Amino acid sequence: MKTELQIPSELRFLTIVENWLLGCLEMELGENGDWPRQSNRLRLVLAEAYSNVVRHAHKEQPHLQVTIRLELNSGDLLLEVWDYGEGYDTGEYTAPMPKDLDLGGYGWLIMNRLMDRVEYVPQSDGRNCLKLEARLSDAA
């Protein structure tokens, strides 16, 4: 299965983004006994990715579109989130320290903990692609 969603860069669309992802995957994986755990994990990852684009990459510019691509093949999930932001150097990332009461920086940590592979790739056309990959256990 392959599908794509183009949506404005506004947090008010977050529920639509989540429902799109979960609806598409539930059609394919709904009978999977692990679906409740998988859906919670994927909802959190997508919420982090989409909200980071809206707040940081697009800096609250709703006219900029976010493109989200979903591919599911024999239980291998690929989720791509495309933006038009300035880009982000993942090499400069340092995980927040809870004892320091840091309020930000948890999104990258969460995505890396919940997914098998996370890659952020700036493109030559000025866009950026966040690639999130996971093997969904016992998925068809």
# chains A, B, ... in the order shown; residues from 1 in each chain; ligands from 1

call {"tool": "residues_around", "arguments": {"residues": "segment 47-53 of chain A", "least_positions_apart": "5", "cutoff": "8 Å", "atoms": "only C-alpha atoms", "output": "PyMOL selection string"}}
result
chain A and resi 9+11+14+18+58-59+66+81+83+85+107+111+130

call {"tool": "write_last_selection", "arguments": {"atoms": "N, CA and C atoms", "output": "PDB file, in the first residue's frame"}}
result
ATOM      1  N   SER A   9       0.111  23.617   6.839  1.00  0.00           N
ATOM      2  CA  SER A   9       1.001  23.600   7.989  1.00  0.00           C
ATOM      3  C   SER A   9       0.347  24.342   9.155  1.00  0.00           C
ATOM      4  N   LEU A  11      -1.387  23.440  13.179  1.00  0.00           N
ATOM      5  CA  LEU A  11      -1.606  22.435  14.209  1.00  0.00           C
ATOM      6  C   LEU A  11      -3.058  21.985  14.315  1.00  0.00           C
ATOM      7  N   LEU A  14      -3.784  18.532  13.015  1.00  0.00           N
ATOM      8  CA  LEU A  14      -3.102  17.365  13.575  1.00  0.00           C
ATOM      9  C   LEU A  14      -4.025  16.159  13.703  1.00  0.00           C
ATOM     10  N   GLU A  18      -3.436  12.472  12.017  1.00  0.00           N
ATOM     11  CA  GLU A  18      -3.428  11.225  12.791  1.00  0.00           C
ATOM     12  C   GLU A  18      -4.491  10.254  12.284  1.00  0.00           C
ATOM     13  N   HIS A  58       8.355  25.282   9.411  1.00  0.00           N
ATOM     14  CA  HIS A  58       7.527  26.265   8.706  1.00  0.00           C
ATOM     15  C   HIS A  58       7.233  27.500   9.549  1.00  0.00           C
ATOM     16  N   LYS A  59       7.572  27.462  10.807  1.00  0.00           N
ATOM     17  CA  LYS A  59       7.423  28.615  11.709  1.00  0.00           C
ATOM     18  C   LYS A  59       6.049  29.270  11.594  1.00  0.00           C
ATOM     19  N   VAL A  66       2.554  20.578   3.945  1.00  0.00           N
ATOM     20  CA  VAL A  66       3.290  19.440   4.463  1.00  0.00           C
ATOM     21  C   VAL A  66       2.823  18.239   3.658  1.00  0.00           C
ATOM     22  N   VAL A  81       7.885  12.580   5.920  1.00  0.00           N
ATOM     23  CA  VAL A  81       7.274  13.871   6.193  1.00  0.00           C
ATOM     24  C   VAL A  81       8.148  14.922   5.512  1.00  0.00           C
ATOM     25  N   ASP A  83       8.941  18.856   4.211  1.00  0.00           N
ATOM     26  CA  ASP A  83       8.699  20.249   4.567  1.00  0.00           C
ATOM     27  C   ASP A  83       9.557  21.174   3.707  1.00  0.00           C
ATOM     28  N   GLY A  85      11.230  23.889   5.220  1.00  0.00           N
ATOM     29  CA  GLY A  85      11.963  24.682   6.202  1.00  0.00           C
ATOM     30  C   GLY A  85      13.428  24.863   5.843  1.00  0.00           C
ATOM     31  N   GLY A 107      11.296  15.547  20.855  1.00  0.00           N
ATOM     32  CA  GLY A 107      10.719  14.962  19.647  1.00  0.00           C
ATOM     33  C   GLY A 107      11.673  14.042  18.923  1.00  0.00           C
ATOM     34  N   MET A 111      11.156   9.981  18.517  1.00  0.00           N
ATOM     35  CA  MET A 111      11.089   9.323  17.211  1.00  0.00           C
ATOM     36  C   MET A 111      12.168   8.248  17.071  1.00  0.00           C
ATOM     37  N   LEU A 130      11.927  13.869   6.306  1.00  0.00           N
ATOM     38  CA  LEU A 130      12.128  13.071   7.499  1.00  0.00           C
ATOM     39  C   LEU A 130      11.609  11.676   7.176  1.00  0.00           C
TER      40      LEU A 130
END

call {"tool": "residues_around", "arguments": {"residues": "Asn19 of chain A", "least_positions_apart": "5", "cutoff": "12 Å", "atoms": "only C-alpha atoms", "output": "PyMOL selection string"}}
result
chain A and resi 5+13-14+24-27+39-40+42-43+46-47

call {"tool": "write_last_selection", "arguments": {"atoms": "N, CA and C atoms", "output": "short mmCIF file (atom, residue, chain, number, x, y, z; two decimals), in the first residue's frame"}}
result
data_model
loop_
_atom_site.label_atom_id
_atom_site.label_comp_id
_atom_site.auth_asym_id
_atom_site.auth_seq_id
_atom_site.Cartn_x
_atom_site.Cartn_y
_atom_site.Cartn_z
N LEU A 5 -0.63 12.29 1.67
CA LEU A 5 -1.51 13.36 2.15
C LEU A 5 -0.76 14.67 2.05
N PHE A 13 -4.81 20.90 12.15
CA PHE A 13 -5.00 19.74 11.28
C PHE A 13 -4.36 18.47 11.82
N LEU A 14 -3.78 18.53 13.01
CA LEU A 14 -3.10 17.37 13.58
C LEU A 14 -4.02 16.16 13.70
N CYS A 24 -5.59 4.51 7.39
CA CYS A 24 -4.93 3.76 6.32
C CYS A 24 -4.32 2.48 6.86
N LEU A 25 -3.63 2.58 7.98
CA LEU A 25 -2.97 1.40 8.53
C LEU A 25 -3.95 0.39 9.11
N GLU A 26 -5.02 0.88 9.69
CA GLU A 26 -6.00 -0.05 10.26
C GLU A 26 -6.66 -0.89 9.17
N MET A 27 -6.85 -0.30 7.99
CA MET A 27 -7.39 -1.09 6.87
C MET A 27 -6.48 -2.27 6.55
N SER A 39 -0.58 1.32 16.95
CA SER A 39 -1.27 2.57 16.62
C SER A 39 -0.87 3.68 17.58
N ASN A 40 -0.71 3.38 18.86
CA ASN A 40 -0.29 4.40 19.82
C ASN A 40 1.12 4.90 19.51
N LEU A 42 2.71 4.83 16.56
CA LEU A 42 2.74 5.57 15.30
C LEU A 42 2.04 6.93 15.41
N ARG A 43 1.00 6.99 16.21
CA ARG A 43 0.31 8.27 16.43
C ARG A 43 1.27 9.27 17.09
N LEU A 46 4.06 10.38 14.54
CA LEU A 46 3.55 11.31 13.53
C LEU A 46 3.20 12.67 14.14
N ALA A 47 2.63 12.66 15.34
CA ALA A 47 2.31 13.93 16.01
C ALA A 47 3.57 14.74 16.25
#

call {"tool": "atom_distance", "arguments": {"atom1": "atom CA of Asp116 of chain A", "atom2": "atom CA of Arg135 of chain A"}}
result
7.1 Å

call {"tool": "select_by_dssp", "arguments": {"residues": "chain A", "states": "strand (DSSP E or B)", "output": "ChimeraX atom specification"}}
result
/A:2-8,65-73,76-83,117-122,128-135

call {"tool": "write_last_selection", "arguments": {"atoms": "N, CA and C atoms", "output": "short mmCIF file (atom, residue, chain, number, x, y, z; two decimals), in the first residue's frame"}}
result
data_model
loop_
_atom_site.label_atom_id
_atom_site.label_comp_id
_atom_site.auth_asym_id
_atom_site.auth_seq_id
_atom_site.Cartn_x
_atom_site.Cartn_y
_atom_site.Cartn_z
N LYS A 2 0.56 2.20 -0.83
CA LYS A 2 1.20 3.51 -0.87
C LYS A 2 0.11 4.56 -0.92
N THR A 3 0.29 5.62 -0.13
CA THR A 3 -0.65 6.72 -0.15
C THR A 3 0.07 7.99 0.30
N GLU A 4 -0.57 9.13 0.04
CA GLU A 4 0.05 10.42 0.33
C GLU A 4 -1.01 11.40 0.77
N LEU A 5 -0.63 12.29 1.67
CA LEU A 5 -1.51 13.36 2.15
C LEU A 5 -0.76 14.67 2.05
N GLN A 6 -1.40 15.67 1.46
CA GLN A 6 -0.86 17.04 1.46
C GLN A 6 -1.81 17.87 2.30
N ILE A 7 -1.23 18.59 3.26
CA ILE A 7 -2.07 19.29 4.23
C ILE A 7 -1.41 20.60 4.63
N PRO A 8 -2.21 21.63 4.95
CA PRO A 8 -1.63 22.89 5.39
C PRO A 8 -0.80 22.72 6.66
N GLN A 65 2.72 23.83 2.49
CA GLN A 65 2.14 22.50 2.57
C GLN A 65 3.11 21.51 3.21
N VAL A 66 2.55 20.58 3.95
CA VAL A 66 3.29 19.44 4.46
C VAL A 66 2.82 18.24 3.66
N THR A 67 3.76 17.47 3.16
CA THR A 67 3.43 16.24 2.44
C THR A 67 3.84 15.06 3.30
N ILE A 68 2.90 14.14 3.47
CA ILE A 68 3.18 12.95 4.25
C ILE A 68 2.93 11.74 3.36
N ARG A 69 3.92 10.91 3.23
CA ARG A 69 3.82 9.71 2.40
C ARG A 69 3.91 8.49 3.29
N LEU A 70 3.07 7.53 2.99
CA LEU A 70 3.01 6.29 3.75
C LEU A 70 3.16 5.13 2.80
N GLU A 71 4.03 4.20 3.15
CA GLU A 71 4.19 2.97 2.38
C GLU A 71 4.26 1.82 3.36
N LEU A 72 3.47 0.80 3.11
CA LEU A 72 3.47 -0.41 3.92
C LEU A 72 3.64 -1.58 2.98
N ASN A 73 4.69 -2.37 3.22
CA ASN A 73 5.00 -3.49 2.35
C ASN A 73 5.44 -4.66 3.22
N ASP A 76 6.70 -3.84 6.61
CA ASP A 76 7.70 -2.78 6.67
C ASP A 76 7.02 -1.44 6.41
N LEU A 77 7.12 -0.55 7.36
CA LEU A 77 6.47 0.76 7.27
C LEU A 77 7.51 1.82 6.95
N LEU A 78 7.20 2.64 5.97
CA LEU A 78 8.00 3.83 5.65
C LEU A 78 7.06 5.02 5.68
N LEU A 79 7.40 5.98 6.51
CA LEU A 79 6.63 7.21 6.63
C LEU A 79 7.59 8.35 6.32
N GLU A 80 7.23 9.20 5.36
CA GLU A 80 8.04 10.36 5.00
C GLU A 80 7.24 11.62 5.28
N VAL A 81 7.88 12.58 5.92
CA VAL A 81 7.27 13.87 6.19
C VAL A 81 8.15 14.92 5.51
N TRP A 82 7.56 15.60 4.52
CA TRP A 82 8.28 16.58 3.69
C TRP A 82 7.91 17.99 4.10
N ASP A 83 8.94 18.86 4.21
CA ASP A 83 8.70 20.25 4.57
C ASP A 83 9.56 21.17 3.71
N ARG A 117 14.37 3.13 12.33
CA ARG A 117 15.32 3.98 11.61
C ARG A 117 14.70 5.35 11.42
N VAL A 118 15.48 6.39 11.70
CA VAL A 118 15.05 7.77 11.51
C VAL A 118 16.16 8.48 10.76
N GLU A 119 15.79 9.13 9.67
CA GLU A 119 16.77 9.83 8.86
C GLU A 119 16.18 11.16 8.40
N TYR A 120 16.96 12.21 8.50
CA TYR A 120 16.53 13.53 8.07
C TYR A 120 17.41 13.93 6.90
N VAL A 121 16.80 14.15 5.73
CA VAL A 121 17.57 14.37 4.51
C VAL A 121 17.14 15.67 3.83
N PRO A 122 18.00 16.70 3.87
CA PRO A 122 17.73 17.91 3.07
C PRO A 122 17.84 17.57 1.58
N ASN A 128 12.90 19.28 2.72
CA ASN A 128 13.54 18.34 3.63
C ASN A 128 12.63 17.14 3.78
N CYS A 129 13.23 15.98 3.97
CA CYS A 129 12.46 14.76 4.14
C CYS A 129 12.88 14.05 5.42
N LEU A 130 11.93 13.87 6.31
CA LEU A 130 12.13 13.07 7.50
C LEU A 130 11.61 11.68 7.18
N LYS A 131 12.51 10.68 7.19
CA LYS A 131 12.13 9.31 6.89
C LYS A 131 12.08 8.52 8.18
N LEU A 132 10.93 7.90 8.41
CA LEU A 132 10.71 7.10 9.59
C LEU A 132 10.38 5.68 9.16
N GLU A 133 11.17 4.72 9.62
CA GLU A 133 10.97 3.34 9.21
C GLU A 133 10.78 2.45 10.42
N ALA A 134 9.92 1.45 10.26
CA ALA A 134 9.69 0.48 11.33
C ALA A 134 9.23 -0.84 10.73
N ARG A 135 9.63 -1.88 11.38
CA ARG A 135 9.11 -3.22 11.07
C ARG A 135 7.97 -3.44 12.05
#

call {"tool": "closest_residue", "arguments": {"among": "A:Val17, A:Val45, A:Tyr84, A:Trp35", "to": "Pro62 of chain A", "atoms": "only C-alpha atoms"}}
result
A:Tyr84

call {"tool": "select_by_dssp", "arguments": {"residues": "chain A", "states": "alpha helix (DSSP H)", "output": "ChimeraX atom specification"}}
result
/A:14-29,35-52,106-114

call {"tool": "closest_residue", "arguments": {"among": "A:Leu21, A:Met1, A:Gly87, A:His63", "to": "Gln38 of chain A", "atoms": "only C-alpha atoms"}}
result
A:Leu21

call {"tool": "closest_residue", "arguments": {"among": "A:Ser124, A:Leu136, A:Trp108, A:Tyr88", "to": "Arg37 of chain A", "atoms": "only C-alpha atoms"}}
result
A:Leu136

call {"tool": "atom_distance", "arguments": {"atom1": "atom CA of Leu114 of chain A", "atom2": "atom CA of Arg41 of chain A"}}
result
6.6 Å

call {"tool": "closest_residue", "arguments": {"among": "A:Glu86, A:Leu44, A:Arg55, A:Trp20", "to": "Arg113 of chain A", "atoms": "only C-alpha atoms"}}
result
A:Leu44

call {"tool": "atom_distance", "arguments": {"atom1": "atom CA of Glu60 of chain A", "atom2": "atom CA of Arg127 of chain A"}}
result
16.4 Å
